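Pasting input_21.txt here (compact mmCIF, C-alpha atoms):
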# COMPACT_ATOMS: atom_id res chain seq x y z
CA MET A 12 35.31 -141.72 92.96
CA ASN A 13 32.96 -138.98 94.11
CA LYS A 14 30.09 -141.39 94.06
CA ALA A 15 31.98 -143.92 96.14
CA ARG A 16 32.71 -141.29 98.74
CA GLU A 17 29.06 -140.25 98.89
CA THR A 18 27.81 -143.77 99.45
CA LYS A 19 30.44 -144.29 102.12
CA ASN A 20 29.34 -141.09 103.84
CA SER A 21 25.65 -142.03 103.81
CA ASP A 22 26.50 -145.51 105.10
CA GLY A 23 28.52 -144.29 108.02
CA GLY A 24 26.56 -141.12 108.74
CA ASN A 25 25.62 -142.23 112.28
CA LYS A 26 28.99 -143.78 113.06
CA SER A 27 31.20 -140.94 111.96
CA ARG A 28 33.98 -142.22 114.16
CA SER A 29 34.51 -145.32 112.07
CA VAL A 30 34.46 -143.16 108.94
CA THR A 31 37.19 -140.88 110.25
CA SER A 32 39.30 -143.81 111.39
CA ASP A 33 38.78 -145.41 107.99
CA LEU A 34 39.79 -142.11 106.38
CA ALA A 35 42.83 -141.89 108.64
CA SER A 36 43.94 -145.38 107.69
CA ARG A 37 43.43 -144.58 104.01
CA ILE A 38 45.48 -141.39 104.35
CA ALA A 39 48.21 -143.29 106.18
CA GLY A 40 48.18 -145.98 103.51
CA ALA A 41 48.40 -143.41 100.73
CA LYS A 42 51.17 -141.56 102.55
CA SER A 43 53.33 -144.63 103.08
CA GLY A 44 52.69 -145.75 99.53
CA ARG A 45 53.61 -142.35 98.15
CA SER A 46 56.77 -141.94 100.20
CA GLY A 47 57.80 -145.43 99.13
CA ALA A 48 57.16 -144.55 95.50
CA GLY A 49 59.01 -141.27 95.90
CA ASN A 50 62.02 -143.02 97.33
CA GLY A 51 61.92 -145.59 94.60
CA SER A 52 61.85 -143.02 91.84
CA ALA A 53 64.60 -140.97 93.47
CA GLN A 54 66.77 -144.06 93.72
CA GLY A 55 65.98 -145.03 90.16
CA GLY A 56 66.81 -141.52 89.01
CA SER A 57 70.18 -141.46 90.69
CA ARG A 58 70.92 -144.92 89.36
CA GLY A 59 69.94 -143.96 85.84
CA ALA A 60 72.19 -140.91 85.98
CA SER A 61 74.89 -142.84 87.77
CA GLY A 62 77.84 -142.89 85.38
CA HIS A 63 78.22 -139.19 84.79
CA GLY A 64 77.34 -138.11 88.32
CA ARG A 65 79.58 -140.63 90.03
CA ALA A 66 82.54 -139.92 87.80
CA ALA A 67 82.26 -136.19 88.40
CA ARG A 68 81.88 -136.71 92.13
CA LEU A 69 84.87 -139.05 92.54
CA GLY A 70 87.14 -136.98 90.31
CA THR A 71 86.52 -133.73 92.13
CA GLU A 72 86.76 -135.36 95.56
CA PHE A 73 90.22 -136.66 94.71
CA ILE A 74 91.59 -133.55 92.98
CA ALA A 75 90.22 -131.12 95.57
CA ALA A 76 92.02 -132.84 98.44
CA ILE A 77 95.35 -132.77 96.58
CA LEU A 78 94.91 -129.08 95.77
CA VAL A 79 94.02 -128.20 99.34
CA GLY A 80 96.96 -130.19 100.72
CA ALA A 81 99.43 -128.58 98.32
CA GLY A 82 97.92 -125.16 99.01
CA ILE A 83 98.30 -125.49 102.77
CA GLY A 84 101.87 -126.62 102.30
CA TYR A 85 102.64 -123.72 99.97
CA VAL A 86 101.29 -121.15 102.41
CA ALA A 87 103.16 -122.79 105.28
CA ASP A 88 106.37 -122.70 103.21
CA LEU A 89 105.86 -119.00 102.53
CA ALA A 90 105.33 -118.38 106.23
CA PHE A 91 108.28 -120.41 107.55
CA GLY A 92 110.65 -120.06 104.60
CA THR A 93 111.12 -123.81 104.32
CA SER A 94 110.32 -124.09 100.63
CA PRO A 95 109.60 -126.67 99.29
CA TRP A 96 109.57 -129.21 102.10
CA VAL A 97 106.23 -128.59 103.82
CA MET A 98 104.54 -128.44 100.45
CA LEU A 99 105.96 -131.83 99.48
CA VAL A 100 104.80 -133.42 102.71
CA MET A 101 101.37 -131.83 102.55
CA LEU A 102 101.00 -132.80 98.89
CA LEU A 103 101.44 -136.43 99.92
CA ALA A 104 99.00 -135.95 102.80
CA GLY A 105 96.63 -134.45 100.23
CA PHE A 106 96.94 -137.58 98.11
CA ALA A 107 96.14 -139.68 101.16
CA SER A 108 93.05 -137.65 102.04
CA GLY A 109 92.01 -137.70 98.39
CA VAL A 110 92.03 -141.48 98.51
CA LEU A 111 90.14 -141.29 101.81
CA ASN A 112 87.55 -139.00 100.20
CA VAL A 113 87.08 -141.37 97.29
CA ILE A 114 86.76 -144.39 99.59
CA ARG A 115 84.12 -142.58 101.66
CA ALA A 116 82.21 -141.46 98.57
CA VAL A 117 82.22 -144.98 97.13
CA ALA A 118 81.12 -146.43 100.46
CA GLU A 119 78.19 -143.99 100.48
CA MET A 120 77.28 -144.93 96.92
CA ASN A 121 77.44 -148.63 97.74
CA ALA A 122 75.28 -148.10 100.80
CA ALA A 123 72.76 -146.15 98.72
CA ASN A 124 72.65 -148.77 95.96
CA PRO A 125 73.52 -152.17 97.45
CA ALA A 126 74.21 -155.02 95.08
CA PRO A 127 71.28 -157.37 94.49
CA LEU A 128 71.23 -160.48 96.69
CA ASP A 129 71.93 -162.88 93.84
CA ALA A 130 74.68 -160.76 92.31
CA ASP A 131 78.00 -162.45 91.57
CA LEU A 132 80.52 -160.53 93.68
CA GLY A 133 83.43 -162.85 92.98
CA PRO A 134 84.63 -165.87 94.97
CA SER A 135 83.39 -166.11 98.54
CA GLU A 136 85.69 -166.83 101.47
CA ASP A 137 84.95 -170.56 101.31
CA ASP A 138 86.22 -170.77 97.76
CA ASP A 139 89.43 -169.01 98.72
CA GLU A 140 90.98 -171.88 100.68
CA ASP A 141 93.54 -173.11 98.17
CA MET B 598 80.30 -110.73 67.17
CA ALA B 599 80.80 -108.92 63.89
CA ASP B 600 81.37 -112.16 62.02
CA PRO B 601 78.44 -114.52 62.57
CA ASN B 602 80.51 -117.50 61.45
CA LYS B 603 83.09 -116.94 64.14
CA VAL B 604 82.58 -119.40 66.97
CA ASP B 605 83.34 -117.94 70.37
CA PRO B 606 82.32 -120.47 73.00
CA ILE B 607 83.57 -118.38 75.92
CA HIS B 608 81.66 -115.24 75.00
CA GLN B 609 78.52 -116.43 76.77
CA PHE B 610 80.22 -116.27 80.17
CA GLY B 611 81.20 -112.61 79.91
CA ILE B 612 80.05 -110.38 82.74
CA GLU B 613 78.63 -107.02 81.71
CA SER B 614 77.53 -104.22 83.93
CA ILE B 615 73.92 -103.25 83.40
CA PHE B 616 73.99 -100.24 85.68
CA ALA B 617 76.36 -99.14 88.41
CA ILE B 618 76.17 -97.17 91.60
CA GLY B 619 79.11 -94.92 92.50
CA GLY B 620 82.59 -95.18 91.01
CA ASP B 621 82.36 -91.84 89.19
CA ASP B 622 85.04 -90.28 91.37
CA GLY B 623 87.27 -93.33 91.15
CA GLY B 624 85.81 -94.70 94.37
CA PHE B 625 84.10 -98.00 95.13
CA GLN B 626 81.74 -99.08 92.40
CA LEU B 627 78.75 -101.33 92.94
CA ALA B 628 77.68 -102.76 89.60
CA PHE B 629 74.48 -104.60 88.84
CA THR B 630 75.71 -107.15 86.30
CA ASN B 631 73.97 -109.68 84.08
CA SER B 632 75.03 -112.27 86.66
CA ALA B 633 73.23 -110.36 89.40
CA LEU B 634 70.23 -109.92 87.12
CA PHE B 635 69.88 -113.66 86.62
CA MET B 636 70.41 -114.39 90.31
CA ALA B 637 67.59 -111.98 91.07
CA LEU B 638 65.48 -113.53 88.31
CA SER B 639 66.09 -117.04 89.70
CA VAL B 640 65.08 -116.01 93.19
CA GLY B 641 62.08 -114.12 91.84
CA VAL B 642 60.88 -117.05 89.74
CA ILE B 643 61.33 -119.52 92.62
CA ALA B 644 59.49 -117.29 95.10
CA ALA B 645 56.71 -116.41 92.66
CA TYR B 646 56.17 -120.01 91.60
CA LEU B 647 56.15 -121.47 95.09
CA ILE B 648 53.94 -118.73 96.52
CA LEU B 649 51.45 -118.71 93.64
CA SER B 650 51.25 -122.48 93.26
CA THR B 651 50.61 -123.10 96.94
CA SER B 652 48.33 -120.11 97.54
CA GLY B 653 45.26 -122.18 96.61
CA ARG B 654 46.06 -124.70 99.37
CA GLY B 655 43.85 -127.18 97.60
CA LEU B 656 43.20 -130.45 99.41
CA VAL B 657 43.16 -131.90 95.91
CA PRO B 658 46.11 -130.01 94.41
CA ASN B 659 46.27 -128.77 90.87
CA ARG B 660 49.29 -129.45 88.69
CA ALA B 661 51.40 -126.51 89.82
CA GLN B 662 50.76 -127.31 93.46
CA VAL B 663 51.61 -130.98 92.91
CA LEU B 664 54.97 -129.98 91.46
CA SER B 665 55.90 -127.74 94.38
CA GLU B 666 54.70 -130.34 96.87
CA MET B 667 56.80 -132.97 95.09
CA LEU B 668 59.86 -130.73 95.26
CA TYR B 669 59.21 -130.17 98.96
CA GLU B 670 58.80 -133.85 99.74
CA PHE B 671 61.78 -134.84 97.61
CA ILE B 672 64.12 -132.55 99.53
CA ALA B 673 62.43 -133.26 102.86
CA ASN B 674 62.91 -137.02 102.43
CA MET B 675 66.49 -136.48 101.33
CA VAL B 676 67.37 -134.32 104.34
CA ARG B 677 65.64 -136.73 106.71
CA GLN B 678 67.53 -139.68 105.27
CA ALA B 679 70.93 -138.01 105.28
CA ALA B 680 70.79 -135.95 108.49
CA GLY B 681 67.96 -137.49 110.51
CA THR B 682 64.96 -135.72 112.01
CA GLU B 683 67.20 -133.22 113.74
CA GLY B 684 68.57 -132.19 110.38
CA MET B 685 65.11 -130.98 109.40
CA LYS B 686 65.83 -127.65 111.07
CA PHE B 687 68.16 -127.08 108.12
CA PHE B 688 65.47 -128.01 105.63
CA PRO B 689 64.77 -124.38 104.58
CA PHE B 690 68.49 -123.88 103.97
CA VAL B 691 68.92 -127.01 101.85
CA PHE B 692 65.68 -126.39 99.99
CA SER B 693 66.69 -122.82 99.13
CA LEU B 694 70.10 -123.97 97.93
CA PHE B 695 68.60 -126.75 95.83
CA MET B 696 66.00 -124.50 94.24
CA PHE B 697 68.49 -121.73 93.55
CA VAL B 698 71.02 -124.05 91.89
CA LEU B 699 68.31 -125.91 89.98
CA VAL B 700 66.59 -122.80 88.63
CA ALA B 701 69.88 -121.05 87.87
CA ASN B 702 71.06 -124.13 85.95
CA LEU B 703 67.79 -124.41 84.06
CA PHE B 704 67.81 -120.68 83.26
CA GLY B 705 71.18 -121.30 81.65
CA MET B 706 69.52 -123.68 79.19
CA PHE B 707 67.61 -120.82 77.54
CA PRO B 708 69.45 -119.39 74.54
CA PHE B 709 71.06 -116.01 75.23
CA PHE B 710 70.55 -116.39 78.97
CA PHE B 711 73.40 -116.07 81.40
CA THR B 712 74.29 -119.09 83.54
CA VAL B 713 74.98 -117.94 87.07
CA THR B 714 76.46 -121.24 88.23
CA SER B 715 79.10 -121.26 85.46
CA HIS B 716 81.21 -118.88 87.56
CA ILE B 717 83.26 -120.52 90.28
CA ILE B 718 82.97 -117.52 92.57
CA VAL B 719 79.19 -118.06 92.77
CA THR B 720 79.41 -121.79 93.45
CA PHE B 721 82.31 -121.28 95.84
CA ALA B 722 80.28 -118.72 97.78
CA LEU B 723 77.43 -121.24 98.04
CA ALA B 724 79.85 -123.97 99.18
CA MET B 725 81.44 -121.67 101.76
CA LEU B 726 77.95 -120.89 103.05
CA VAL B 727 77.41 -124.61 103.58
CA ILE B 728 80.76 -125.24 105.22
CA SER B 729 80.56 -122.21 107.52
CA THR B 730 77.09 -123.34 108.57
CA VAL B 731 78.53 -126.78 109.34
CA ILE B 732 81.43 -125.34 111.34
CA VAL B 733 79.42 -122.74 113.26
CA TYR B 734 76.53 -125.06 114.07
CA GLY B 735 78.91 -127.94 114.84
CA PHE B 736 80.76 -125.91 117.46
CA MET B 737 77.52 -124.39 118.78
CA ARG B 738 75.89 -127.77 119.30
CA ASN B 739 78.83 -129.97 120.30
CA GLY B 740 81.34 -127.45 121.64
CA LEU B 741 84.86 -128.81 121.30
CA GLY B 742 83.34 -132.26 120.75
CA PHE B 743 82.95 -131.18 117.13
CA LEU B 744 86.70 -131.75 116.77
CA LYS B 745 86.01 -135.47 117.18
CA LEU B 746 85.17 -135.25 113.50
CA PHE B 747 88.90 -135.21 112.87
CA VAL B 748 89.75 -137.98 115.33
CA PRO B 749 88.35 -141.37 114.30
CA SER B 750 87.67 -143.56 117.32
CA GLY B 751 89.71 -146.65 118.10
CA ILE B 752 93.03 -145.58 116.59
CA PRO B 753 96.32 -145.71 118.53
CA THR B 754 97.93 -142.35 119.34
CA PRO B 755 101.03 -142.60 117.09
CA ILE B 756 98.84 -143.18 114.03
CA LEU B 757 96.64 -140.24 114.99
CA LEU B 758 99.57 -137.97 114.14
CA ILE B 759 99.20 -139.07 110.53
CA VAL B 760 95.44 -139.51 110.42
CA VAL B 761 94.41 -136.16 111.91
CA PRO B 762 96.12 -133.98 109.26
CA ILE B 763 94.65 -136.20 106.56
CA GLU B 764 91.19 -135.82 108.05
CA ILE B 765 91.62 -132.06 108.28
CA ILE B 766 92.67 -131.81 104.64
CA SER B 767 89.75 -134.05 103.74
CA PHE B 768 87.39 -131.67 105.54
CA LEU B 769 88.93 -128.56 103.98
CA SER B 770 88.66 -130.08 100.52
CA ARG B 771 84.88 -130.27 100.81
CA PRO B 772 84.04 -126.71 99.79
CA ILE B 773 86.51 -126.98 96.90
CA SER B 774 85.08 -130.21 95.54
CA LEU B 775 81.51 -129.02 96.11
CA SER B 776 82.03 -125.79 94.19
CA VAL B 777 84.35 -127.14 91.48
CA ARG B 778 81.98 -129.99 90.66
CA LEU B 779 78.99 -127.74 90.02
CA PHE B 780 80.97 -125.05 88.23
CA ALA B 781 82.96 -127.46 86.04
CA ASN B 782 79.92 -129.46 84.98
CA ILE B 783 77.96 -126.40 83.94
CA LEU B 784 80.92 -124.62 82.30
CA ALA B 785 82.08 -127.68 80.36
CA GLY B 786 78.56 -128.51 79.27
CA HIS B 787 77.85 -125.05 77.93
CA ILE B 788 81.17 -124.82 76.10
CA THR B 789 80.67 -128.25 74.52
CA LEU B 790 77.19 -127.32 73.42
CA LYS B 791 78.42 -124.08 71.89
CA VAL B 792 81.33 -125.73 70.08
CA PHE B 793 79.14 -128.39 68.50
CA ALA B 794 76.50 -125.84 67.56
CA GLY B 795 79.31 -123.77 66.00
CA PHE B 796 80.31 -126.75 63.84
CA ILE B 797 76.85 -126.69 62.28
CA VAL B 798 77.30 -123.09 61.13
CA THR B 799 80.86 -123.60 59.95
CA LEU B 800 80.09 -126.80 58.03
CA GLY B 801 76.82 -125.44 56.68
CA SER B 802 78.64 -122.59 54.97
CA MET B 803 80.93 -124.99 53.07
CA GLY B 804 78.69 -126.00 50.17
CA VAL B 805 76.37 -128.96 49.67
CA LEU B 806 78.72 -131.60 51.07
CA GLY B 807 79.35 -129.55 54.20
CA PHE B 808 75.64 -128.91 54.51
CA MET B 809 75.04 -132.66 54.62
CA GLY B 810 77.92 -133.15 57.00
CA ALA B 811 76.39 -130.56 59.32
CA VAL B 812 73.68 -133.07 60.18
CA LEU B 813 76.13 -134.93 62.42
CA PRO B 814 76.89 -132.04 64.81
CA LEU B 815 73.20 -131.16 64.72
CA ILE B 816 72.31 -134.60 66.09
CA MET B 817 75.10 -134.21 68.63
CA THR B 818 73.78 -130.82 69.71
CA VAL B 819 70.27 -132.13 70.23
CA ALA B 820 71.62 -135.03 72.28
CA LEU B 821 73.89 -132.73 74.28
CA THR B 822 70.99 -130.40 75.04
CA ALA B 823 69.10 -133.29 76.59
CA LEU B 824 72.23 -134.29 78.52
CA GLU B 825 72.63 -130.72 79.78
CA PHE B 826 69.09 -130.71 81.17
CA LEU B 827 69.97 -133.93 82.98
CA VAL B 828 73.22 -132.44 84.30
CA ALA B 829 71.44 -129.27 85.43
CA ALA B 830 68.99 -131.22 87.57
CA LEU B 831 71.55 -133.82 88.67
CA GLN B 832 74.11 -131.29 89.87
CA ALA B 833 71.48 -129.40 91.87
CA TYR B 834 70.52 -132.72 93.46
CA VAL B 835 74.15 -133.67 94.17
CA PHE B 836 74.77 -130.26 95.73
CA ALA B 837 71.76 -130.67 98.01
CA VAL B 838 72.62 -134.28 98.95
CA LEU B 839 76.19 -133.39 99.89
CA THR B 840 74.99 -130.34 101.82
CA SER B 841 72.75 -132.51 103.97
CA MET B 842 75.53 -135.07 104.45
CA TYR B 843 77.90 -132.35 105.65
CA LEU B 844 75.19 -130.98 107.94
CA ASN B 845 74.85 -134.50 109.33
CA ASP B 846 78.54 -134.31 110.30
CA ALA B 847 77.80 -131.11 112.21
CA ILE B 848 74.95 -132.78 114.10
CA HIS B 849 76.67 -136.10 114.72
CA PRO B 850 80.45 -135.64 114.72
CA GLY B 851 82.56 -138.76 115.21
CA HIS B 852 82.02 -141.46 112.64

Let me see the file written as structure tokens.
Amino acid sequence: MNKARETKNSDGGNKSRSVTSDLASRIAGAKSGRSGAGNGSAQGGSRGASGHGRAARLGTEFIAAILVGAGIGYVADLAFGTSPWVMLVMLLAGFASGVLNVIRAVAEMNAANPAPLDADLGPSEDDDED
Amino acid sequence: MADPNKVDPIHQFGIESIFAIGGDDGGFQLAFTNSALFMALSVGVIAAYLILSTSGRGLVPNRAQVLSEMLYEFIANMVRQAAGTEGMKFFPFVFSLFMFVLVANLFGMFPFFFTVTSHIIVTFALAMLVISTVIVYGFMRNGLGFLKLFVPSGIPTPILLIVVPIEIISFLSRPISLSVRLFANILAGHITLKVFAGFIVTLGSMGVLGFMGAVLPLIMTVALTALEFLVAALQAYVFAVLTSMYLNDAIHPGH
């Protein structure tokens, strides 16, 4: 590799401009190649670790929202002396936002790892006529 | 710990004071605990490694420099993807969080070391740091427009009465889920590892048959150790990814 660089330098000694532009294009090529490779490996890594990571993520997203909803309701009940009504309502709202959290998390995961083009995703709309 | 055969999987999470300042007269006591020691160690190791490995500034990097440059680019790409170029002003924040969680998790994989992230107060403090950054920067940058985060566009007013509280709870649940996920993964992993390793000792002391049976939990322990290394890195990554996603909400509120 060193030798190749030396011969290149001696070739382009008088036209250093073309050498630098050549170097710039090589650096750009290496950069784009490396960032592409980096992305690929990161994606592969998250896909390889998918089961455990996804399960943990979805579970906590759902539970946390329920806990927060019930907690807000509990504090509000303590403040207004309406036990247990606000807590019941907020618990249900917590369920709803837990579902919302999970839907958002899954949408993010699907966007990050889209299904392959030829994947069988079930019947298409055309098949659904009858 | 008098009986070596006694398995105590929780013992490893005990907090002990190494030295303390004040408190002699019954006043406020500031203790330097094993938890604080390992936080300081984590920060020290991160700083020392990054400073030493990049001090050469080689155009052709050596191995140590390649590793720190890879870490940098990994997080930089992640922040840029999740929060855009504007999110890069939070790169030092996300990078510090990622490195701290990663090194603290990996420190926990050494025998007899304390795992900082196995205490929910530590992970909750980190999560609150993230969420308060999101809230403060969101209001600083967008003013009251930040509240659009709770009001999805294109929804009729009567339904907003239901949707807005749900969105608010969803937002408030973020620090909880962020901290519980990290803490629960690390805690559960370490307890499982300890329990299975304890089976080896217990079975091994039960004669020849038990000694042969102890091979099974030994295999399990080896496999679990590998899994724990994966979880340690994965949870640090998840923490950093979600941090940059939440920061993206602060920069671009309104879905």

Next on the checklist: At a cut-off of 12 Å, which residues of chain B touch chain A? Count only C-alpha atoms and give the answer as number ranges by chain.
Outcome noted: B: 666-675, 677-679, 747, 758-783, 785, 824-836, 838-839, 842, 852

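Once Ser94 of chain A and its same-chain neighbours fewer than 6 positions away are set aside, Gly84, Tyr85, Ala87 and Asp88 of chain A remain within 9 Å of it when counting only C-alpha atoms.
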
Item to check | One-decimal distance in Å that lies between atom CA of Thr789 of chain B and atom CA of Ala66 of chain A | outcome: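 Atom-to-atom, atom CA of Ala66 of chain A and atom CA of Thr789 of chain B are spaced 17.8 Å apart.
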
Checklist entry - In Å, how far is it from atom CA of Leu627 of chain B to atom CA of Val719 of chain B? => result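 Separation between atom CA of Leu627 of chain B and atom CA of Val719 of chain B: 16.7 Å.
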
Next on the checklist: Ranking B:Ser665, B:Asn659, B:Gln609, B:Ser632 by minimum distance to Tyr646 of chain B and counting all atoms listed in the file, which one comes first?
Outcome noted: B:Ser665
